[in-house]
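Trainee: File work.txt follows (compact mmCIF, C-alpha atoms):
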# COMPACT_ATOMS: atom_id res chain seq x y z
CA HIS X 1 20.66 54.20 82.85
CA LEU X 2 17.01 53.62 81.95
CA LYS X 3 15.95 57.18 82.73
CA PRO X 4 13.62 59.33 80.61
CA LEU X 5 15.35 62.07 78.63
CA LEU X 6 14.12 65.34 77.24
CA GLU X 7 16.60 66.38 74.58
CA SER X 8 16.34 69.87 73.17
CA GLY X 9 18.42 72.41 71.39
CA THR X 10 18.40 75.51 69.25
CA LEU X 11 19.99 76.63 66.04
CA GLY X 12 19.33 80.31 65.51
CA THR X 13 15.56 80.68 65.32
CA LYS X 14 15.04 76.93 64.84
CA ALA X 15 14.41 74.70 67.81
CA ASN X 16 14.00 71.01 68.38
CA SER X 17 12.92 68.78 71.22
CA GLU X 18 12.58 65.08 71.64
CA ILE X 19 11.27 62.88 74.44
CA ILE X 20 12.98 59.54 74.93
CA ILE X 21 11.46 56.99 77.31
CA PRO X 22 13.35 53.71 77.84
CA HIS X 23 11.69 50.70 76.13
CA LYS X 24 8.82 52.88 74.83
CA THR X 25 10.40 55.21 72.27
CA THR X 26 13.38 54.90 69.99
CA CYS X 27 16.77 55.14 71.61
CA TYR X 28 18.73 58.36 71.46
CA ASN X 29 21.42 56.66 69.35
CA ASP X 30 18.85 55.33 66.83
CA HIS X 31 18.34 58.77 65.31
CA LYS X 32 20.34 59.82 62.29
CA GLU X 33 22.30 63.02 62.67
CA VAL X 34 21.07 65.65 60.27
CA LYS X 35 23.96 67.60 58.81
CA LEU X 36 23.14 71.30 59.03
CA ASP X 37 24.94 74.11 57.25
CA ALA X 38 24.64 76.49 60.17
CA ILE X 39 26.69 76.27 63.34
CA PRO X 40 24.75 76.40 66.63
CA MET X 41 25.38 79.76 68.31
CA CYS X 42 26.17 78.16 71.67
CA THR X 43 28.89 76.07 70.02
CA LEU X 44 30.23 79.06 68.17
CA ARG X 45 30.33 81.27 71.27
CA ASN X 46 31.57 78.80 73.87
CA PHE X 47 33.10 75.68 72.29
CA PRO X 48 34.39 76.35 68.76
CA HIS X 49 36.33 73.11 68.28
CA PHE X 50 36.32 72.54 64.49
CA ILE X 51 38.25 74.84 62.17
CA GLU X 52 34.94 76.01 60.63
CA HIS X 53 33.71 76.99 64.09
CA CYS X 54 36.89 78.95 64.78
CA ILE X 55 36.65 80.79 61.46
CA GLU X 56 33.01 81.71 62.06
CA TRP X 57 33.81 82.75 65.63
CA ALA X 58 36.60 85.03 64.38
CA ARG X 59 34.30 86.54 61.74
CA ALA X 60 31.62 87.21 64.35
CA GLN X 61 34.17 88.77 66.72
CA PHE X 62 35.57 90.99 63.97
CA SER X 63 32.09 92.07 62.96
CA GLU X 64 31.09 92.87 66.55
CA LEU X 65 34.31 94.73 67.36
CA PHE X 66 34.90 96.68 64.15
CA GLU X 67 31.61 96.89 62.27
CA GLU X 68 28.52 96.70 64.48
CA SER X 69 29.84 98.85 67.32
CA ALA X 70 31.07 101.57 64.93
CA GLN X 71 27.80 101.48 62.99
CA GLY X 72 25.89 101.75 66.26
CA LEU X 73 27.93 104.74 67.39
CA ASN X 74 27.54 106.45 64.01
CA ALA X 75 23.78 105.85 64.10
CA LEU X 76 23.60 107.27 67.65
CA LEU X 77 25.56 110.39 66.69
CA ALA X 78 23.52 110.89 63.50
CA ASP X 79 20.04 110.60 65.07
CA ARG X 80 19.80 109.83 68.77
CA GLU X 81 16.01 109.29 68.87
CA LYS X 82 16.00 106.99 65.85
CA TYR X 83 18.90 104.96 67.27
CA PHE X 84 17.12 104.37 70.60
CA GLU X 85 13.88 103.44 68.79
CA GLN X 86 15.83 100.89 66.73
CA VAL X 87 17.53 99.41 69.81
CA MET X 88 14.17 99.05 71.59
CA LYS X 89 12.93 96.87 68.69
CA GLU X 90 15.87 94.45 68.94
CA GLY X 91 15.66 91.36 71.13
CA ASP X 92 14.98 91.35 74.84
CA ALA X 93 16.24 93.75 77.51
CA THR X 94 19.52 91.84 77.88
CA VAL X 95 20.34 92.19 74.17
CA GLN X 96 19.37 95.86 74.24
CA LEU X 97 21.51 96.56 77.30
CA GLU X 98 24.49 94.76 75.78
CA LYS X 99 24.17 96.77 72.57
CA LEU X 100 23.94 100.05 74.51
CA GLU X 101 26.93 99.15 76.69
CA VAL X 102 29.06 98.42 73.63
CA VAL X 103 28.15 101.73 72.01
CA LYS X 104 28.68 103.61 75.28
CA GLY X 105 32.10 101.99 75.69
CA LEU X 106 33.07 103.01 72.17
CA TYR X 107 31.74 106.53 72.71
CA ASP X 108 33.71 106.87 75.95
CA PHE X 109 36.78 105.62 74.12
CA VAL X 110 36.64 108.11 71.22
CA LYS X 111 35.11 111.21 72.85
CA GLY X 112 38.39 112.76 74.01
CA GLY X 113 40.36 111.81 70.90
CA VAL X 114 42.24 108.60 70.35
CA LYS X 115 45.98 108.03 70.59
CA PHE X 116 47.91 104.98 69.47
CA GLU X 117 48.57 104.01 73.10
CA ASP X 118 44.81 104.00 73.73
CA CYS X 119 44.28 101.57 70.86
CA VAL X 120 46.98 99.26 72.21
CA ALA X 121 45.41 99.36 75.68
CA LEU X 122 41.98 98.57 74.19
CA ALA X 123 43.45 95.66 72.20
CA ILE X 124 45.07 94.24 75.35
CA GLU X 125 41.80 94.61 77.25
CA GLU X 126 39.85 92.78 74.53
CA PHE X 127 42.51 90.07 74.31
CA THR X 128 42.37 89.59 78.08
CA LYS X 129 38.57 89.37 78.05
CA GLN X 130 38.52 86.82 75.23
CA TYR X 131 41.47 84.62 76.06
CA ARG X 132 41.71 84.78 79.82
CA ASP X 133 38.47 85.93 81.40
CA ARG X 134 36.10 83.86 79.23
CA ILE X 135 38.27 80.77 79.61
CA MET X 136 38.41 81.20 83.38
CA ALA X 137 34.62 81.64 83.49
CA LEU X 138 34.10 78.45 81.46
CA LYS X 139 36.60 76.60 83.61
CA ASN X 140 34.66 77.60 86.72
CA LEU X 141 31.37 76.45 85.17
CA PHE X 142 32.62 72.99 84.30
Take the structure from the file and write it as structure tokens.
Mentor:
Amino acid sequence: HLKPLLESGTLGTKANSEIIIPHKTTCYNDHKEVKLDAIPMCTLRNFPHFIEHCIEWARAQFSELFEESAQGLNALLADREKYFEQVMKEGDATVQLEKLEVVKGLYDFVKGGVKFEDCVALAIEEFTKQYRDRIMALKNLF
């Protein structure tokens, strides 16, 4: 197509960029792929297509659903001021808001006591979000 290309990507805190100009720089296909141990977060979150991606995605989901949210709620209940100070140090406003929304959702869920039926309803809601809503959102994007 003989058009200039700016290729870039991220892998956690690492980033790369490359400028490719037809007939002036090496071709995009001339570069050797560097095999990395880590899986790019965008691949893991949106397009886990290798079995390793799917395993890592499931681990991350389990950790978010059953570890991080419970730890966040316990930290909030133990020391409210310290919890909010810690959240303010983490990431940008979007990350902070997401973390607070997860903990608020868990707090709202457990504050009146939890019955088995509530757990089933929560499981169905999470399943729907992961396997219907996210797929529909991706389908609409592409």
Trainee: Given only C-alpha atoms, how would the per-residue table for stretch 95-131 of chain X near stretch 137-142 of chain X read, listing every residue at most 12 Å away with its closest atom pair and distance in Å to one decimal, sorted by chain and number, as CSV?
Mentor:
residue,atom,partner,partner_atom,distance
X:Lys129,CA,X:Ala137,CA,10.2
X:Gln130,CA,X:Ala137,CA,10.5
X:Tyr131,CA,X:Ala137,CA,10.5
Trainee: Which distance in Å separates atom CA of X:Ala75 and atom CA of X:Glu117, to one decimal?
Mentor: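 Separation of atom CA of X:Ala75 and atom CA of X:Glu117: 26.4 Å.
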Trainee: List as a list in words the protein and nucleic acid residues near X:Val103, meaning an atom at most 8 Å away when all atoms listed in the file are counted, but skip any in the same chain fewer than 6 places from it.
Mentor: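 Residues near the query, excluding close chain neighbours: Ser69, Ala70, Gly72 and Leu73 of chain X.
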Trainee: Smallest atom-to-atom distance to X:Thr26: which of X:Leu5, X:Ile39, X:Cys54, X:Leu44, using only C-alpha atoms?
Mentor: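 Closest candidate: X:Leu5.
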Trainee: Could you state the separation of atom CA of X:Glu7 and atom CA of X:Ile20 in Å, given to one decimal place?
Mentor: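 Distance between the two atoms: 7.7 Å.
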Trainee: What is the atom CA of X:Glu125 to atom CA of X:Pro48 distance in Å?
Mentor: 21.5 Å
Trainee: Determine the nearest neighbour of X:Glu64 from the options X:Glu126, X:Thr94, X:Tyr107, X:Lys82, counting only C-alpha atoms.
Mentor: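 For X:Glu64, the nearest of the candidates is X:Glu126.
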Trainee: Between X:Ala60, X:Leu2, X:Leu76, X:Ala123, which one has atoms that come closest to X:Leu100, using all atoms listed in the file?
Mentor: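 Of X:Ala60, X:Leu2, X:Leu76, X:Ala123, the one nearest X:Leu100, counting all atoms listed in the file, is X:Leu76.
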Trainee: Looking at all atoms listed in the file, which of X:Cys42, X:Ile21, X:Leu65, X:Glu85 is the one that sits closest to X:Leu6?
Mentor: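 That would be X:Ile21, the residue with the smallest distance to X:Leu6.
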Trainee: Considering all atoms listed in the file, state which residue in the set X:His23, X:Arg45, X:His53, X:Lys104 is at the smallest distance from X:Arg134.
Mentor: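 Counting all atoms listed in the file, the residue closest to X:Arg134 is X:Arg45.
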Trainee: Where's the centre, and what are the edge lengths in Å to one decimal, of a box along x, y and z enclosing all listed atoms of stretch 75-88 of chain X padded 5 Å per side, as AutoDock Vina command-line options?
Mentor:
--center_x 19.7 --center_y 105.0 --center_z 67.5 --size_x 21.7 --size_y 21.8 --size_z 18.1
